[in-house]
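upload_39.cif follows (mmCIF, C-alpha atoms):
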data_protein
#
loop_
_atom_site.group_PDB
_atom_site.id
_atom_site.type_symbol
_atom_site.label_atom_id
_atom_site.label_comp_id
_atom_site.auth_asym_id
_atom_site.auth_seq_id
_atom_site.Cartn_x
_atom_site.Cartn_y
_atom_site.Cartn_z
ATOM 1 C CA CYS H 1 34.231 8.918 -13.317
ATOM 2 C CA ARG H 2 30.535 8.612 -12.510
ATOM 3 C CA ILE H 3 30.314 5.016 -13.750
ATOM 4 C CA ASN H 4 33.221 3.885 -11.558
ATOM 5 C CA ARG H 5 31.605 5.346 -8.424
ATOM 6 C CA TRP H 6 28.303 3.711 -9.325
ATOM 7 C CA LEU H 7 29.878 0.391 -10.073
ATOM 8 C CA GLY H 8 31.835 0.327 -6.804
ATOM 9 C CA TYR H 9 28.734 0.913 -4.717
ATOM 10 C CA PHE H 10 26.476 -1.236 -6.852
ATOM 11 C CA MET H 11 28.758 -4.261 -6.839
ATOM 12 C CA LYS H 12 28.993 -4.182 -3.038
ATOM 13 C CA GLN H 13 25.205 -4.261 -2.823
ATOM 14 C CA VAL H 14 24.645 -6.793 -5.588
ATOM 15 C CA THR H 15 26.921 -9.392 -4.020
ATOM 16 C CA LEU H 16 24.435 -9.579 -1.161
ATOM 17 C CA GLY H 17 21.662 -10.775 -3.449
ATOM 18 C CA ASN H 18 22.599 -13.753 -5.519
ATOM 19 C CA SER H 19 19.213 -15.393 -5.981
ATOM 20 C CA ILE H 20 16.989 -15.055 -9.018
ATOM 21 C CA GLY H 21 14.431 -12.325 -8.495
ATOM 22 C CA TRP H 22 16.445 -10.567 -5.806
ATOM 23 C CA ALA H 23 16.503 -7.253 -7.680
ATOM 24 C CA ARG H 24 12.782 -7.307 -8.422
ATOM 25 C CA GLU H 25 12.015 -7.844 -4.750
ATOM 26 C CA GLU H 26 14.634 -5.444 -3.397
ATOM 27 C CA PHE H 27 13.837 -2.600 -5.780
ATOM 28 C CA ALA H 28 10.118 -3.154 -6.410
ATOM 29 C CA GLU H 29 9.235 0.447 -5.578
ATOM 30 C CA ILE H 30 12.122 2.258 -7.291
ATOM 31 C CA GLU H 31 11.079 4.878 -9.831
ATOM 32 C CA PHE H 32 13.167 6.755 -12.361
ATOM 33 C CA GLY H 33 10.278 8.521 -14.057
ATOM 34 C CA ASP H 34 10.400 6.091 -16.974
ATOM 35 C CA LYS H 35 9.283 2.464 -16.827
ATOM 36 C CA ARG H 36 11.971 1.523 -19.365
ATOM 37 C CA LEU H 37 14.701 2.730 -16.995
ATOM 38 C CA LYS H 38 13.245 0.653 -14.176
ATOM 39 C CA ALA H 39 13.147 -2.432 -16.409
ATOM 40 C CA ARG H 40 16.747 -1.828 -17.505
ATOM 41 C CA PHE H 41 17.868 -1.310 -13.904
ATOM 42 C CA LEU H 42 16.289 -4.574 -12.769
ATOM 43 C CA LYS H 43 17.908 -6.443 -15.670
ATOM 44 C CA ILE H 44 21.333 -4.955 -14.899
ATOM 45 C CA ALA H 45 20.986 -5.766 -11.196
ATOM 46 C CA GLU H 46 20.073 -9.383 -11.913
ATOM 47 C CA GLN H 47 22.903 -9.765 -14.442
ATOM 48 C CA LEU H 48 25.430 -8.357 -11.983
ATOM 49 C CA SER H 49 24.104 -10.492 -9.125
ATOM 50 C CA LYS H 50 24.697 -13.637 -11.182
ATOM 51 C CA LYS H 51 28.317 -12.618 -11.846
ATOM 52 C CA SER H 52 29.083 -10.312 -8.946
ATOM 53 C CA GLU H 53 32.837 -10.308 -9.468
ATOM 54 C CA ALA H 54 32.656 -9.688 -13.200
ATOM 55 C CA SER H 55 32.966 -6.369 -14.975
ATOM 56 C CA ILE H 56 29.906 -4.924 -16.677
ATOM 57 C CA ASN H 57 31.196 -6.281 -19.984
ATOM 58 C CA GLN H 58 31.509 -9.793 -18.590
ATOM 59 C CA ALA H 59 28.255 -9.761 -16.633
ATOM 60 C CA CYS H 60 26.102 -8.584 -19.524
ATOM 61 C CA GLU H 61 24.928 -11.186 -21.992
ATOM 62 C CA ASP H 62 26.006 -9.359 -25.131
ATOM 63 C CA TRP H 63 27.302 -6.062 -26.508
ATOM 64 C CA ALA H 64 23.805 -4.550 -26.689
ATOM 65 C CA ASP H 65 23.235 -5.212 -22.959
ATOM 66 C CA THR H 66 26.676 -3.814 -22.159
ATOM 67 C CA LYS H 67 25.985 -0.589 -24.047
ATOM 68 C CA ALA H 68 22.557 -0.340 -22.418
ATOM 69 C CA ALA H 69 24.113 -0.689 -18.956
ATOM 70 C CA TYR H 70 26.584 2.121 -19.619
ATOM 71 C CA ARG H 71 23.800 4.322 -21.007
ATOM 72 C CA PHE H 72 21.725 3.574 -17.907
ATOM 73 C CA PHE H 73 24.496 4.598 -15.505
ATOM 74 C CA ASN H 74 25.052 7.819 -17.469
ATOM 75 C CA ASN H 75 21.359 8.769 -17.580
ATOM 76 C CA GLN H 76 20.562 12.017 -15.755
ATOM 77 C CA LYS H 77 17.343 10.506 -14.317
ATOM 78 C CA VAL H 78 19.387 7.858 -12.496
ATOM 79 C CA SER H 79 21.175 8.687 -9.257
ATOM 80 C CA SER H 80 23.057 6.702 -6.674
ATOM 81 C CA GLU H 81 20.980 8.439 -3.991
ATOM 82 C CA LYS H 82 17.769 7.045 -5.492
ATOM 83 C CA ILE H 83 19.152 3.500 -5.581
ATOM 84 C CA ILE H 84 20.661 3.743 -2.099
ATOM 85 C CA SER H 85 17.473 5.151 -0.577
ATOM 86 C CA GLU H 86 15.370 2.385 -2.109
ATOM 87 C CA HIS H 87 17.863 -0.262 -1.038
ATOM 88 C CA SER H 88 17.918 1.110 2.519
ATOM 89 C CA LYS H 89 14.141 0.854 3.068
#
Could you spell out this file's structure in structure tokens?
Amino acid sequence: CRINRWLGYFMKQVTLGNSIGWAREEFAEIEFGDKRLKARFLKIAEQLSKKSEASINQACEDWADTKAAYRFFNNQKVSSEKIISEHSK
């Protein structure tokens, strides 16, 4: 499943950054072709970094954030390669 692959990689990376603002600094230049996707990505990254061992459901603040995270990971404009390349800079 695409989400499981994403989550496995993403959680490994997120556990490295547990301070507030880590995602905004780490991924400042990432682009998905839609500013709303970038904003959602940064929110997801910060939520997961605060609760790095939690599932998406547990890390997100409410059901709306949980659904938004799953929609983000399923979006065709979002790719693991894009996140990895930005993280590797």
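Counting all atoms listed in the file, the residue from H:Phe41, H:Trp22, H:Lys50, H:Glu29 that sits nearest to Ala68 (chain H) is H:Phe41.
The coordinates place CA of Asn57 (chain H) at 23.8 Å from CA of Lys35 (chain H).
When only C-alpha atoms are used to measure the gap to Ser79 (chain H), the shortest distance among H:Ala54, H:Gln47, H:Ala64, H:Ile30 belongs to H:Ile30.
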(request) Compare H:Phe72, H:Asp65, H:Ser55, H:Glu81 by their minimum atom-to-atom distance to Lys38 (chain H), counting only C-alpha atoms, and give me the closest one. (result) H:Phe72
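Across the structure, CA of Ala23 (chain H) and CA of Leu42 (chain H) are spaced 5.8 Å apart.
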(message) Report, in Å to a single decimal, how far apart CA of Asp62 (chain H) and CA of Gly33 (chain H) are.
(response) 26.3 Å
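Using only C-alpha atoms for every distance, the candidate list H:Cys60, H:Glu53, H:Glu46, H:Glu31 yields H:Glu31 as the residue closest to Glu86 (chain H).
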(message) Which residue is closest to Ile83 (chain H)? Choose from H:Gln58, H:Ala69, H:Gly21, H:Ala28 and count only C-alpha atoms.
(response) H:Ala28
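Distances here use only C-alpha atoms; by that measure, the residue among H:Ile44, H:Arg71, H:Ile84, H:Gln76 closest to Ala59 (chain H) is H:Ile44.
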